[in-house]
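File shown here: entry30.cif, holding mmCIF, C-alpha atoms.
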```
data_query
loop_
_atom_site.label_atom_id
_atom_site.label_comp_id
_atom_site.auth_asym_id
_atom_site.auth_seq_id
_atom_site.Cartn_x
_atom_site.Cartn_y
_atom_site.Cartn_z
CA MET A 1 0.00 0.00 0.00
CA THR A 2 1.31 3.42 -0.90
CA LEU A 3 0.51 6.47 1.24
CA THR A 4 0.56 9.84 -0.44
CA LEU A 5 1.03 12.99 1.68
CA LEU A 6 -0.59 16.09 0.27
CA VAL A 7 0.93 19.38 1.47
CA ALA A 8 -1.05 22.54 0.90
CA CYS A 9 1.07 25.62 0.24
CA SER A 10 0.08 29.22 0.86
CA ASP A 11 1.70 32.64 0.47
CA ARG A 12 0.24 33.70 3.85
CA ALA A 13 2.47 33.56 6.92
CA THR A 14 1.78 30.64 9.15
CA GLU A 15 -0.43 31.68 12.08
CA PRO A 16 0.98 30.65 15.49
CA LEU A 17 -0.97 27.95 17.16
CA PRO A 18 -2.80 28.96 20.33
CA PRO A 19 -1.43 27.43 23.51
CA PRO A 20 -3.09 24.25 24.68
CA ALA A 21 -6.04 24.74 26.98
CA ASP A 22 -4.03 23.48 29.97
CA GLN A 23 -1.07 25.82 29.25
CA PRO A 24 -1.47 29.42 30.50
CA ASP A 25 -0.65 32.40 28.31
CA ARG A 26 2.86 33.74 28.68
CA VAL A 27 3.66 37.27 29.77
CA GLU A 28 4.44 39.33 26.68
CA GLN A 29 4.30 42.86 28.07
CA ILE A 30 4.59 44.64 31.44
CA ASP A 31 2.67 47.88 31.88
CA LEU A 32 3.96 49.98 34.80
CA ARG A 33 1.13 52.50 34.29
CA GLN A 34 3.53 55.48 34.31
CA ALA A 35 7.03 56.24 33.04
CA VAL A 36 8.10 58.37 36.02
CA PHE A 37 7.34 57.88 39.71
CA ARG A 38 7.80 61.09 41.71
CA LEU A 39 7.97 60.85 45.51
CA GLY A 40 9.12 62.94 48.42
CA GLN A 41 11.86 61.65 50.68
CA GLY A 42 10.31 59.23 53.17
CA ASP A 43 7.23 58.59 51.01
CA SER A 44 6.06 55.11 50.03
CA ALA A 45 4.15 53.71 47.08
CA THR A 46 3.05 50.28 45.90
CA ILE A 47 4.04 49.34 42.36
CA GLN A 48 1.26 47.33 40.69
CA PRO A 49 2.38 46.33 37.19
CA ARG A 50 -0.13 44.94 34.71
CA LEU A 51 1.11 41.71 33.09
CA MET A 52 -0.31 41.35 29.59
CA SER A 53 -0.51 38.34 27.28
CA ARG A 54 0.07 38.51 23.54
CA ASN A 55 -3.61 38.95 22.86
CA GLY A 56 -3.90 41.79 25.36
CA ARG A 57 -5.40 39.80 28.21
CA GLU A 58 -4.31 40.83 31.71
CA LEU A 59 -2.65 37.97 33.57
CA SER A 60 -2.47 37.25 37.28
CA GLY A 61 -0.68 34.87 39.60
CA ARG A 62 2.71 35.23 37.91
CA ALA A 63 6.07 35.66 39.60
CA VAL A 64 7.35 39.23 39.46
CA ARG A 65 10.77 40.51 40.52
CA PHE A 66 11.30 44.15 41.53
CA THR A 67 14.68 45.90 41.79
CA VAL A 68 15.97 49.46 42.08
CA ASP A 69 19.34 50.48 40.64
CA ASP A 70 20.39 52.73 43.53
CA SER A 71 19.27 51.50 46.95
CA LEU A 72 20.53 54.72 48.58
CA ILE A 73 17.72 56.63 46.86
CA ALA A 74 14.89 54.10 47.00
CA ARG A 75 14.21 50.55 48.15
CA ILE A 76 11.62 48.06 47.06
CA ASP A 77 10.55 44.74 48.54
CA SER A 78 9.33 41.54 46.89
CA THR A 79 5.70 42.72 47.01
CA GLY A 80 6.40 45.94 45.10
CA ARG A 81 6.36 48.23 48.13
CA LEU A 82 8.62 51.17 47.20
CA ARG A 83 10.11 53.56 49.77
CA ALA A 84 11.95 56.78 48.89
CA THR A 85 14.94 57.07 51.22
CA ALA A 86 17.06 59.94 49.81
CA ALA A 87 16.70 62.67 47.22
CA GLY A 88 17.91 61.80 43.74
CA VAL A 89 17.05 59.83 40.60
CA THR A 90 17.23 56.09 40.03
CA THR A 91 15.57 53.39 37.92
CA LEU A 92 12.89 50.87 38.85
CA ARG A 93 13.13 47.51 37.05
CA VAL A 94 10.42 44.84 36.87
CA VAL A 95 10.88 41.35 35.39
CA SER A 96 8.35 38.57 34.82
CA GLU A 97 8.89 35.45 32.70
CA GLY A 98 11.86 37.04 30.94
CA VAL A 99 10.00 40.24 30.05
CA ASN A 100 11.47 43.51 31.36
CA ALA A 101 10.08 46.95 32.08
CA ALA A 102 11.67 50.03 33.63
CA ALA A 103 10.61 53.42 34.95
CA ARG A 104 12.36 56.48 36.34
CA ILE A 105 12.12 57.25 40.06
CA GLU A 106 12.54 60.87 41.13
CA VAL A 107 12.82 61.57 44.85
CA LEU A 108 12.63 65.15 46.09
CA PRO A 109 14.12 66.03 49.48
CA GLY A 110 11.84 65.89 52.46
CA ALA A 111 11.93 68.20 55.46
CA ARG A 112 14.87 67.05 57.56
CA VAL A 113 17.95 68.39 59.31
CA HIS A 114 21.33 66.78 58.61
CA ALA A 115 24.29 67.31 60.92
CA LEU A 116 27.74 68.12 59.54
CA MET A 117 30.19 65.28 60.24
CA ARG A 118 33.21 65.79 57.94
CA LEU A 119 34.90 68.47 55.83
CA ASP A 120 37.08 67.35 52.91
CA GLY A 121 37.34 63.92 54.53
CA ARG A 122 38.31 65.16 57.99
CA ASP A 123 36.18 64.88 61.12
CA ILE A 124 34.41 67.82 62.74
CA PRO A 125 35.36 69.75 64.88
CA MET A 126 38.30 70.75 62.70
CA LEU A 127 41.03 73.40 62.94
CA ILE A 128 40.60 75.79 60.01
CA ALA A 129 43.15 78.56 60.68
CA SER A 130 45.57 79.87 63.29
CA ASP A 131 47.77 82.92 63.76
CA SER A 132 49.88 84.77 66.31
CA VAL A 133 49.20 88.40 67.18
CA GLU A 134 50.46 90.88 69.74
CA TRP A 135 48.23 93.16 71.80
CA ASP A 136 49.95 95.88 73.89
CA GLY A 137 53.14 93.89 73.80
CA VAL A 138 51.42 90.69 74.92
CA PRO A 139 51.57 87.84 72.40
CA GLU A 140 48.37 85.91 71.69
CA TYR A 141 47.80 82.78 69.68
CA HIS A 142 44.43 82.44 67.94
CA GLU A 143 42.75 79.37 66.45
CA VAL A 144 39.59 79.12 64.33
CA TRP A 145 37.67 75.85 64.46
CA LEU A 146 34.76 74.64 62.35
CA GLU A 147 32.72 73.17 65.17
CA SER A 148 29.33 72.33 63.68
CA GLY A 149 27.00 72.78 60.78
CA ARG A 150 23.73 71.63 59.36
CA LEU A 151 22.00 71.05 56.07
CA THR A 152 18.23 71.45 56.18
CA PHE A 153 15.81 70.46 53.44
CA ILE A 154 12.35 71.99 53.46
CA ALA A 155 9.69 70.03 51.59
CA GLY A 156 7.01 71.55 49.38
CA PRO A 157 6.03 72.15 45.75
CA GLN A 158 9.35 73.99 45.43
CA PRO A 159 11.81 72.28 47.82
CA ARG A 160 14.31 74.52 49.59
CA TYR A 161 17.59 74.15 51.42
CA GLU A 162 19.42 75.94 54.22
CA VAL A 163 23.14 75.52 54.94
CA GLU A 164 24.88 76.82 58.04
CA LEU A 165 28.53 76.49 59.10
CA ARG A 166 29.54 77.56 62.63
CA TYR A 167 33.11 78.73 63.24
CA VAL A 168 34.49 79.48 66.72
CA GLU A 169 37.64 81.50 67.40
CA TYR A 170 39.68 80.96 70.55
CA ASN A 171 42.62 82.53 72.35
CA VAL A 172 45.04 79.69 73.11
CA ARG A 173 47.66 79.83 75.83
CA GLU A 174 49.80 77.59 77.99
CA VAL A 175 48.88 77.48 81.69
CA ASN A 176 51.05 75.33 83.98
CA GLY A 177 52.12 73.29 81.00
CA ARG A 178 48.56 72.76 79.85
CA ARG A 179 46.95 74.12 76.70
CA GLU A 180 43.82 76.18 77.36
CA LYS A 181 41.34 77.65 74.88
CA GLN A 182 39.49 80.83 75.76
CA PHE A 183 36.40 81.68 73.70
CA ARG A 184 36.64 84.86 71.59
CA LEU A 185 33.79 84.91 69.06
CA VAL A 186 31.46 82.90 66.82
CA GLN A 187 31.13 83.35 63.07
CA ARG A 188 28.44 81.82 60.94
CA GLU A 189 28.38 81.23 57.22
CA ALA A 190 24.93 80.59 55.79
CA ASP A 191 23.17 80.19 52.49
CA ALA A 192 19.65 79.23 51.39
CA GLY A 193 17.75 78.73 48.18
CA THR A 194 15.87 76.30 45.99
CA VAL A 195 16.51 72.64 45.16
CA ARG A 196 15.93 70.75 41.93
CA LEU A 197 17.03 67.41 40.50
CA ASP A 198 19.66 67.60 37.76
CA ALA A 199 20.17 65.29 34.77
CA GLU A 200 22.55 63.04 36.72
CA GLY A 201 20.09 62.60 39.58
CA GLY A 202 21.91 64.86 42.03
CA LEU A 203 20.49 67.88 43.83
CA ARG A 204 21.21 71.25 42.24
CA MET A 205 20.98 73.88 44.96
CA THR A 206 20.67 77.48 43.74
CA SER A 207 21.33 80.34 46.16
CA GLU A 208 18.72 83.05 46.51
CA PHE A 209 21.27 85.46 48.05
CA VAL A 210 24.22 85.28 45.64
CA TRP A 211 23.87 84.89 41.87
CA PRO A 212 25.13 82.85 40.16
CA LEU A 213 25.97 80.51 43.03
CA GLU A 214 25.11 76.82 42.99
CA HIS A 215 26.01 73.85 45.14
CA ARG A 216 25.49 70.15 44.40
CA ALA A 217 24.52 67.35 46.77
CA THR A 218 24.34 63.59 46.29
CA ALA A 219 22.99 60.86 48.53
CA SER A 220 25.50 58.92 50.63
CA ALA A 221 25.15 55.83 52.80
CA ASP A 222 23.88 57.75 55.83
CA GLY A 223 23.04 61.23 54.56
CA TYR A 224 24.36 63.59 51.89
CA THR A 225 27.66 64.74 50.45
CA LEU A 226 27.53 68.43 49.57
CA ARG A 227 29.98 70.22 47.28
CA TYR A 228 29.58 73.70 48.72
CA ARG A 229 30.97 76.58 46.65
CA LEU A 230 32.18 79.58 48.61
CA ALA A 231 30.69 82.83 47.32
CA GLY A 232 33.05 84.98 45.27
CA THR A 233 35.71 82.27 44.94
CA ASP A 234 36.43 79.08 43.02
CA GLU A 235 36.90 77.18 46.28
CA VAL A 236 34.63 74.20 46.88
CA LEU A 237 34.23 72.47 50.26
CA THR A 238 33.22 68.82 50.38
CA LEU A 239 30.86 68.56 53.35
CA SER A 240 29.51 65.24 54.63
CA TYR A 241 26.21 65.25 56.53
CA ARG A 242 24.44 62.56 58.46
CA ALA A 243 20.69 62.48 58.85
CA GLY A 244 19.42 63.55 62.25
CA PRO A 245 16.89 61.57 64.28
#
```

Target encoding structure tokens, full file:
Amino acid sequence: MTLTLLVACSDRATEPLPPPADQPDRVEQIDLRQAVFRLGQGDSATIQPRLMSRNGRELSGRAVRFTVDDSLIARIDSTGRLRATAAGVTTLRVVSEGVNAAARIEVLPGARVHALMRLDGRDIPMLIASDSVEWDGVPEYHEVWLESGRLTFIAGPQPRYEVELRYVEYNVREVNGRREKQFRLVQREADAGTVRLDAEGGLRMTSEFVWPLEHRATASADGYTLRYRLAGTDEVLTLSYRAGP
């Protein structure tokens, strides 16, 4: 007996077969509902992606993995609960069954005071300057110390910042072989203005007192690193702040 196989040919592309009834549709697209998530520092949100099949049907019960590129700026758990921890920009990534989606996360600074901890890598308090002078024939030795400082963010539709550095000057003398500091005066350097996110995700801080004067801050492990430009000079101080309680 001879069996003859007849093959029908067509110019039309072969249509994909539908999955068997007992095989669920695969995820073909992830819809994050928005391209940019904007939060204030300390805010939380729940990411609820829509998982879509090839025919546009919304799927449920699938494994989803959430990650954030920069965990200093935001953190997300396995359920999609997102928390904004520091001002800046990072990327949210969502994966399900090999399909990827991403969105931009923008975190604006919340109202909080940060204490100055280091200047140019050195701990505070820190000796800034010293000199010897003579008053009525009596020699005096003076020292200027940077003793404290703070960086304050003020939340709102237009976030603001305040920076203050506190310098203390002392008379220093030897008494019975011991070094003693006698308070002379306090000097404060301050600036304030508006805050916005720049293209790199840092904070661009524009002074409202001196123009054009800008500083730049980035999130660090426990606060912020501020590159503070001194008015009227090209000098930049690298100030490290830690978040207060």

Around the point (35.0, 83.5, 73.0) (coordinates from the file), which residues reach within 10 Å if we count all atoms listed in the file? Answer as a ChimeraX atom specification. /A:168-171,181-186

Would you output that residue set with C-alpha atoms, as a PDB file, in the frame of the given file?
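selection_33.pdb, written as the output of this step:
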```
ATOM      1  CA  VAL A 168      34.490  79.480  66.720  1.00  0.00           C
ATOM      2  CA  GLU A 169      37.640  81.500  67.400  1.00  0.00           C
ATOM      3  CA  TYR A 170      39.680  80.960  70.550  1.00  0.00           C
ATOM      4  CA  ASN A 171      42.620  82.530  72.350  1.00  0.00           C
ATOM      5  CA  LYS A 181      41.340  77.650  74.880  1.00  0.00           C
ATOM      6  CA  GLN A 182      39.490  80.830  75.760  1.00  0.00           C
ATOM      7  CA  PHE A 183      36.400  81.680  73.700  1.00  0.00           C
ATOM      8  CA  ARG A 184      36.640  84.860  71.590  1.00  0.00           C
ATOM      9  CA  LEU A 185      33.790  84.910  69.060  1.00  0.00           C
ATOM     10  CA  VAL A 186      31.460  82.900  66.820  1.00  0.00           C
TER      11      VAL A 186
END
```

Return as JSON lines the residues of range 162-198 of chain A lying at most 12 Å from range 71-88 of chain A, together with the closest atom-to-atom pair for each and the distance in Å to one decimal, counting only C-alpha atoms, with rows in chain order and ascending residue number.
```
{"residue": "A:Val195", "atom": "CA", "partner": "A:Ala87", "partner_atom": "CA", "distance": 10.2}
{"residue": "A:Arg196", "atom": "CA", "partner": "A:Gly88", "partner_atom": "CA", "distance": 9.3}
{"residue": "A:Leu197", "atom": "CA", "partner": "A:Gly88", "partner_atom": "CA", "distance": 6.5}
{"residue": "A:Asp198", "atom": "CA", "partner": "A:Gly88", "partner_atom": "CA", "distance": 8.5}
```

Give as a ChimeraX atom specification every residue, naming chains and numbers as the document does, that has an atom within 7 Å of (21.2, 75.7, 53.2), counting all atoms listed in the file. /A:151-152,161-164,190-193

Hey, what comes out of the PyMOL selection byres ((chain A and resi 95-109) around 7) on this file? Could you write it as a ChimeraX atom specification? /A:27-30,35-41,63-66,84,86-94,110-111,153,155,159

The PyMOL selection byres ((chain A and resi 228-245) around 9) applied to the shown file, residues as a PyMOL selection string: chain A and resi 112-121+149-151+210-211+213-217+220-227

Print the selection's residues with C-alpha atoms to a file, as a short mmCIF file (atom, residue, chain, number, x, y, z; two decimals), keeping the file's coordinate frame.
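The new file result-v5.cif reads:
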```cif
data_model
loop_
_atom_site.label_atom_id
_atom_site.label_comp_id
_atom_site.auth_asym_id
_atom_site.auth_seq_id
_atom_site.Cartn_x
_atom_site.Cartn_y
_atom_site.Cartn_z
CA ARG A 112 14.87 67.05 57.56
CA VAL A 113 17.95 68.39 59.31
CA HIS A 114 21.33 66.78 58.61
CA ALA A 115 24.29 67.31 60.92
CA LEU A 116 27.74 68.12 59.54
CA MET A 117 30.19 65.28 60.24
CA ARG A 118 33.21 65.79 57.94
CA LEU A 119 34.90 68.47 55.83
CA ASP A 120 37.08 67.35 52.91
CA GLY A 121 37.34 63.92 54.53
CA GLY A 149 27.00 72.78 60.78
CA ARG A 150 23.73 71.63 59.36
CA LEU A 151 22.00 71.05 56.07
CA VAL A 210 24.22 85.28 45.64
CA TRP A 211 23.87 84.89 41.87
CA LEU A 213 25.97 80.51 43.03
CA GLU A 214 25.11 76.82 42.99
CA HIS A 215 26.01 73.85 45.14
CA ARG A 216 25.49 70.15 44.40
CA ALA A 217 24.52 67.35 46.77
CA SER A 220 25.50 58.92 50.63
CA ALA A 221 25.15 55.83 52.80
CA ASP A 222 23.88 57.75 55.83
CA GLY A 223 23.04 61.23 54.56
CA TYR A 224 24.36 63.59 51.89
CA THR A 225 27.66 64.74 50.45
CA LEU A 226 27.53 68.43 49.57
CA ARG A 227 29.98 70.22 47.28
#
```

Can you work out the spacing between CA of Val172 in chain A and CA of Glu140 in chain A in Å, to one decimal? 7.2 Å

With 8 Å added on each side, what axis-aligned box encloses every listed atom of range 144-157 of chain A? Give the centre and edge lengths in Å to one decimal, as JSON.
```
{"center_x": 22.8, "center_y": 74.6, "center_z": 55.5, "size_x": 49.6, "size_y": 25.1, "size_z": 35.4}
```

CA of Leu146 in chain A and CA of Gly201 in chain A are how many Å apart? 29.6 Å

When the PyMOL selection byres ((chain A and resi 131) around 7) is applied to the structure above, which residues does it catch, written out as number ranges by chain? A: 130, 132-133, 141-143

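Note that the spacing between CA of Met126 in chain A and CA of Glu147 in chain A amounts to 6.6 Å.
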
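Distance annotation: of A:Gln158, A:Glu134, A:Gly42, A:Arg173, the residue with the minimal separation from Met205 in chain A is A:Gln158; atom set is all atoms listed in the file.
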
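Nearest residue to Ile128 in chain A, choosing from A:Ile154, A:Asn176, A:Asp70, A:Trp145 and counting only C-alpha atoms: A:Trp145.
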
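Remark: for Pro139 in chain A, the closest of the candidate residues A:Gly56, A:Gln48, A:Glu174, A:Arg62 is A:Glu174 (distances computed over only C-alpha atoms).
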
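Nearest residue to Ile124 in chain A among A:Glu180, A:Leu165, A:Pro157, A:Gly137 is A:Leu165, counting only C-alpha atoms.
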